[in-house]
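The block underneath contains the structure these notes are about, expressed in structure tokens.
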Amino acid sequence: MANSDPDKLIAKADKLTKLSLTRWNADWRNATGLYEQAAIAYRLAKKYEKAKEAFEMASKGQEMLSSPWDAAKHMESAAALAKEVGNWNQVSDLYRRSSELYIECGRSQPASDALAKGARALEDASPDEAIRLYNDACTALEDDGKEQMAFDLYRSATSLYIKLEKYTDAATLLLRWALAADKCSAAHSQCKAYLSAIIVYLYAHDFQQAEKCHNDCCQVDAFANSDQNRAATRLLSAYTDGDVEEIKRAAQSSTISNLDHVIIKLARKLPTGDVTALKRDTSDLQEDPLDEDDLT
Amino acid sequence: MSVIDILFRLDDISKKYEKYDVEKQRSVNGSSDDAFARLYSSFESQIEATLMKSEVAAVETNRATMVAMNAEVRRTKARLMDEVPKLQKLAQKKVKGLTKEELEARVDLVLTLPERIQAISDGSSKQTQGWGASSSHKKITFDSDGKFDDDFFQHSEEATQFKQEFEMRKMKQDEGLDVISDGLDILKNLAKDMNEELDRQVPLMDEMDTKVDKASSDLRRNNVRLKETLHNVRSSQNFCIDITLMCIFLGIVTYLYKILS
């Protein structure tokens, strides 16, 4: 049945769906079957553009037959083929459409998977769009209460931010990750996320932010009593002392070596910039009270 | 391997092979006609042997063997003390090819011999009275033989040596403990990650469980229905009825055919 030319199949399917004087109702059932066959045939023949269009038509047909699950699946295949073609705008649109259809079925996990696949495909081509897709994927899971599954997405998004050198955004995302970990009481991941955020701030040489972040994180009980807090305190005190060797040693500790490898790479490159400048700031503060004592 | 390990190993190996080295020397010496050298070398070897025996006796836990070894040590010590005068006489003798300095050196050697012999500990008394840091000997008795001073110095030497060894061993232990603590840190982190991963998998497994249960019950229900349908279609009873009716039909057809033809 499928041996016939896919073009012919497409033509037949189009005839079935086009409304004219002789045809009052489009026969979507047969048409969808024909579209699917044609799409598979095109994909085998490596005619990706035509295959993508055929999959789109098939997905529309399934929608008409009110089975959003099949529609979503076809839309995903179409998006994967769009990636082969290299049409990046379409890739993102198609993946978004397929995730909407999955949510219509009430299945949030495949929806977020579709968005994640889109984001991965677009990482090199258009990273901003990829980041938007990652964010939407995380939101989709969190809305459904499945934060546990979002950890991998947060990891990929963080590494993408760091690749783009958007350190404040990366740190913000890490704090969001910690929040998700808190909701599903994954204390270890939460502490690791806090420590990673502090390291990212230090790498961006924003010491005040790092300290503020550390103070905020110490409010959380789970972090305050953890190994990660001790490592963070050690690192920050090494910074205030301006001791480069101590910073390097603190960065080599086993707690930090247990984080995500992107963060480890950042930690190994610490300290960035001039640490003695930070040291001077703290010693200036100490001189004033001494002067007052002398006067009295 | 850390430096401390290398040092210890080197000590052990050199001690082991030192034995061979010295023996070679002694055998070379012994082959000469020098009676003094021969006797002196035999003295040295006996002193070494008794020293080793006394050391073993000091750490021996079995009291009987300890007492026996100490008695042997005392016997050898007494014998050696008796032979010292003989050695002294030989030392005075002038031997061919020997310089004046060597002669004097020999005399000195013989003089130090009695001290060395007495210094070999034979497990009796005078072990831990000195208020040096020695704590290795187990027997702490208080009967002194008046030979206080020598023993006092002896122990402070031993004590410092022991203290050095103690410090080295403690450093080695600290290093080992550091390695263990690093390993434990890594293990703890791995375990925590595994814990969280498993927590993540639990709801997935539950979902899978319910789905598989539903699927298996569906299958069973379908099987039952299929069996019923098959039974209705292919039951032997219906089959016989079909055949008999077929035969009756054929009979009627042949009858009609016969009538018409």
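Each chain of the structure tokens is named A, B, ... in the order shown, its residues numbered from 1; ligands are numbered from 1 in display order.
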Contact residues (chain B, partner chain A, 9 Å, only C-alpha atoms) as JSON, numbers by chain:
{"B": [182, 185, 186, 189, 190, 192, 193, 196, 197, 199, 200]}
Would you list the contacts of Lys248 of chain A as a ChimeraX atom specification, taking every protein, DNA or RNA residue within 9 Å and counting only C-alpha atoms, but skipping same-chain residues closer than 5 positions in sequence?
/A:235,243,267-271
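The gap separating atom CA of Ala72 of chain A from atom CA of Ala140 of chain A is 15.8 Å, in Å to one decimal.
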List as a ChimeraX atom specification the protein and nucleic acid residues near Phe36 of chain B, meaning an atom at most 7 Å away when only C-alpha atoms are counted, but skip any in the same chain fewer than 2 places from it.
/B:34,38-40,87,90-91
Could those selected residues go to a file with C-alpha atoms, as a JSON list (two decimals), in the first residue's frame?
[["chain", "number", "residue", "atom", "x", "y", "z"],
["B", 34, "ASP", "CA", 95.17, -11.97, 63.56],
["B", 38, "ARG", "CA", 89.03, -13.01, 65.09],
["B", 39, "LEU", "CA", 88.17, -13.04, 68.75],
["B", 40, "TYR", "CA", 86.91, -9.48, 68.60],
["B", 87, "LEU", "CA", 90.76, -10.15, 74.73],
["B", 90, "LEU", "CA", 95.54, -10.15, 72.96],
["B", 91, "ALA", "CA", 95.02, -6.46, 72.37]]
Report, in Å with one decimal, the straight-line distance from atom CA of Tyr134 of chain A to atom CA of Leu115 of chain A.
6.8 Å
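All residues of protein, DNA or RNA that reach within 8 Å of Ala232 of chain A, judged by only C-alpha atoms and not counting those fewer than 6 positions away in the chain, are Leu195, Ile198 and His214 of chain A.
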With N, CA, C and O atoms retained, export the selected residues as a tab-separated table (two decimals), in the first residue's frame.
chain	number	residue	atom	x	y	z
A	195	LEU	N	25.39	26.74	46.73
A	195	LEU	CA	26.85	26.87	46.62
A	195	LEU	C	27.26	27.25	45.21
A	195	LEU	O	28.13	28.11	44.99
A	198	ILE	N	26.72	30.94	44.63
A	198	ILE	CA	27.76	31.77	45.24
A	198	ILE	C	29.02	31.75	44.38
A	198	ILE	O	29.67	32.78	44.15
A	214	HIS	N	25.07	34.70	50.03
A	214	HIS	CA	25.42	33.79	51.11
A	214	HIS	C	24.58	34.06	52.35
A	214	HIS	O	24.08	33.16	53.02
What's around Arg120 of chain A at 10 Å? Count only C-alpha atoms, leave out sequence neighbours fewer than 3 positions away in its own chain, and write the answer as a list in words.
Ala114, Leu115, Ala116, Lys117, Glu123, Asp124, Ala125, Pro127, Ala130, Ile131, Leu133, Tyr134, Ser156, Ala157 and Leu160 of chain A
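Proximity of B:Met208, B:Met168, B:Leu111, B:Ala57 to Val3 of chain B, computed with only C-alpha atoms, is greatest for B:Met168.
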Would you pick out the contacts of Val85 of chain A at 10 Å or less, using only C-alpha atoms, so that residues sharing its chain but fewer than 6 positions from it are not included, and give the list as a count of residues only?
6
How far is it from atom CA of Leu250 of chain B to atom CA of Gln237 of chain B, in Å with one decimal?
20.2 Å
Could you please write out, as number ranges by chain, every residue of segment 73-202 of chain A that DSSP assigns to alpha helix (DSSP H)?
A: 73-85, 88-105, 108-122, 127-143, 150-163, 167-183, 187-202
Of the residues B:Thr160, B:Thr244, B:Ser54, B:Ser216, which is the one nearest to Ala119 of chain B, using only C-alpha atoms?
B:Ser54
Residue neighbourhood Leu236 of chain A, 12 Å, only C-alpha atoms, exclusion window fewer than 4 positions, as a PyMOL selection string:
chain A and resi 195+198-199+201-202+205-215+229-232+240-244+246-248+250-251+270-271+275+278-279
Go ahead and write the residues just picked, C-alpha atoms, as a PDB file, in the first residue's frame.
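Contents of selection23.pdb, freshly written:
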ATOM      1  CA  LEU A 195      26.848  26.872  46.623  1.00  0.00           C
ATOM      2  CA  ILE A 198      27.759  31.770  45.244  1.00  0.00           C
ATOM      3  CA  ILE A 199      30.576  30.461  43.061  1.00  0.00           C
ATOM      4  CA  TYR A 201      28.794  35.373  41.649  1.00  0.00           C
ATOM      5  CA  LEU A 202      32.429  35.112  42.747  1.00  0.00           C
ATOM      6  CA  HIS A 205      33.874  39.052  40.516  1.00  0.00           C
ATOM      7  CA  ASP A 206      30.806  40.484  42.221  1.00  0.00           C
ATOM      8  CA  PHE A 207      31.824  39.994  45.813  1.00  0.00           C
ATOM      9  CA  GLN A 208      29.010  42.029  47.368  1.00  0.00           C
ATOM     10  CA  GLN A 209      26.415  39.994  45.524  1.00  0.00           C
ATOM     11  CA  ALA A 210      28.119  36.809  46.588  1.00  0.00           C
ATOM     12  CA  GLU A 211      28.065  37.871  50.220  1.00  0.00           C
ATOM     13  CA  LYS A 212      24.448  38.939  50.005  1.00  0.00           C
ATOM     14  CA  CYS A 213      23.571  35.646  48.397  1.00  0.00           C
ATOM     15  CA  HIS A 214      25.416  33.788  51.113  1.00  0.00           C
ATOM     16  CA  ASN A 215      23.583  35.707  53.847  1.00  0.00           C
ATOM     17  CA  ASN A 229      27.744  26.092  53.749  1.00  0.00           C
ATOM     18  CA  ARG A 230      31.095  25.313  55.342  1.00  0.00           C
ATOM     19  CA  ALA A 231      32.769  25.266  51.942  1.00  0.00           C
ATOM     20  CA  ALA A 232      31.079  28.564  51.038  1.00  0.00           C
ATOM     21  CA  THR A 240      38.121  38.672  52.539  1.00  0.00           C
ATOM     22  CA  ASP A 241      41.638  37.704  53.603  1.00  0.00           C
ATOM     23  CA  GLY A 242      42.812  38.215  50.055  1.00  0.00           C
ATOM     24  CA  ASP A 243      44.740  34.951  50.231  1.00  0.00           C
ATOM     25  CA  VAL A 244      45.006  33.564  46.708  1.00  0.00           C
ATOM     26  CA  GLU A 246      43.718  29.699  50.298  1.00  0.00           C
ATOM     27  CA  ILE A 247      41.115  30.471  47.621  1.00  0.00           C
ATOM     28  CA  LYS A 248      42.687  27.928  45.322  1.00  0.00           C
ATOM     29  CA  ALA A 250      39.183  26.001  49.045  1.00  0.00           C
ATOM     30  CA  ALA A 251      38.165  25.589  45.409  1.00  0.00           C
ATOM     31  CA  LEU A 270      38.903  31.444  40.762  1.00  0.00           C
ATOM     32  CA  PRO A 271      40.012  34.005  41.777  1.00  0.00           C
ATOM     33  CA  VAL A 275      41.559  39.978  45.366  1.00  0.00           C
ATOM     34  CA  LEU A 278      38.603  43.408  48.389  1.00  0.00           C
ATOM     35  CA  LYS A 279      41.008  43.007  51.279  1.00  0.00           C
TER      36      LYS A 279
END
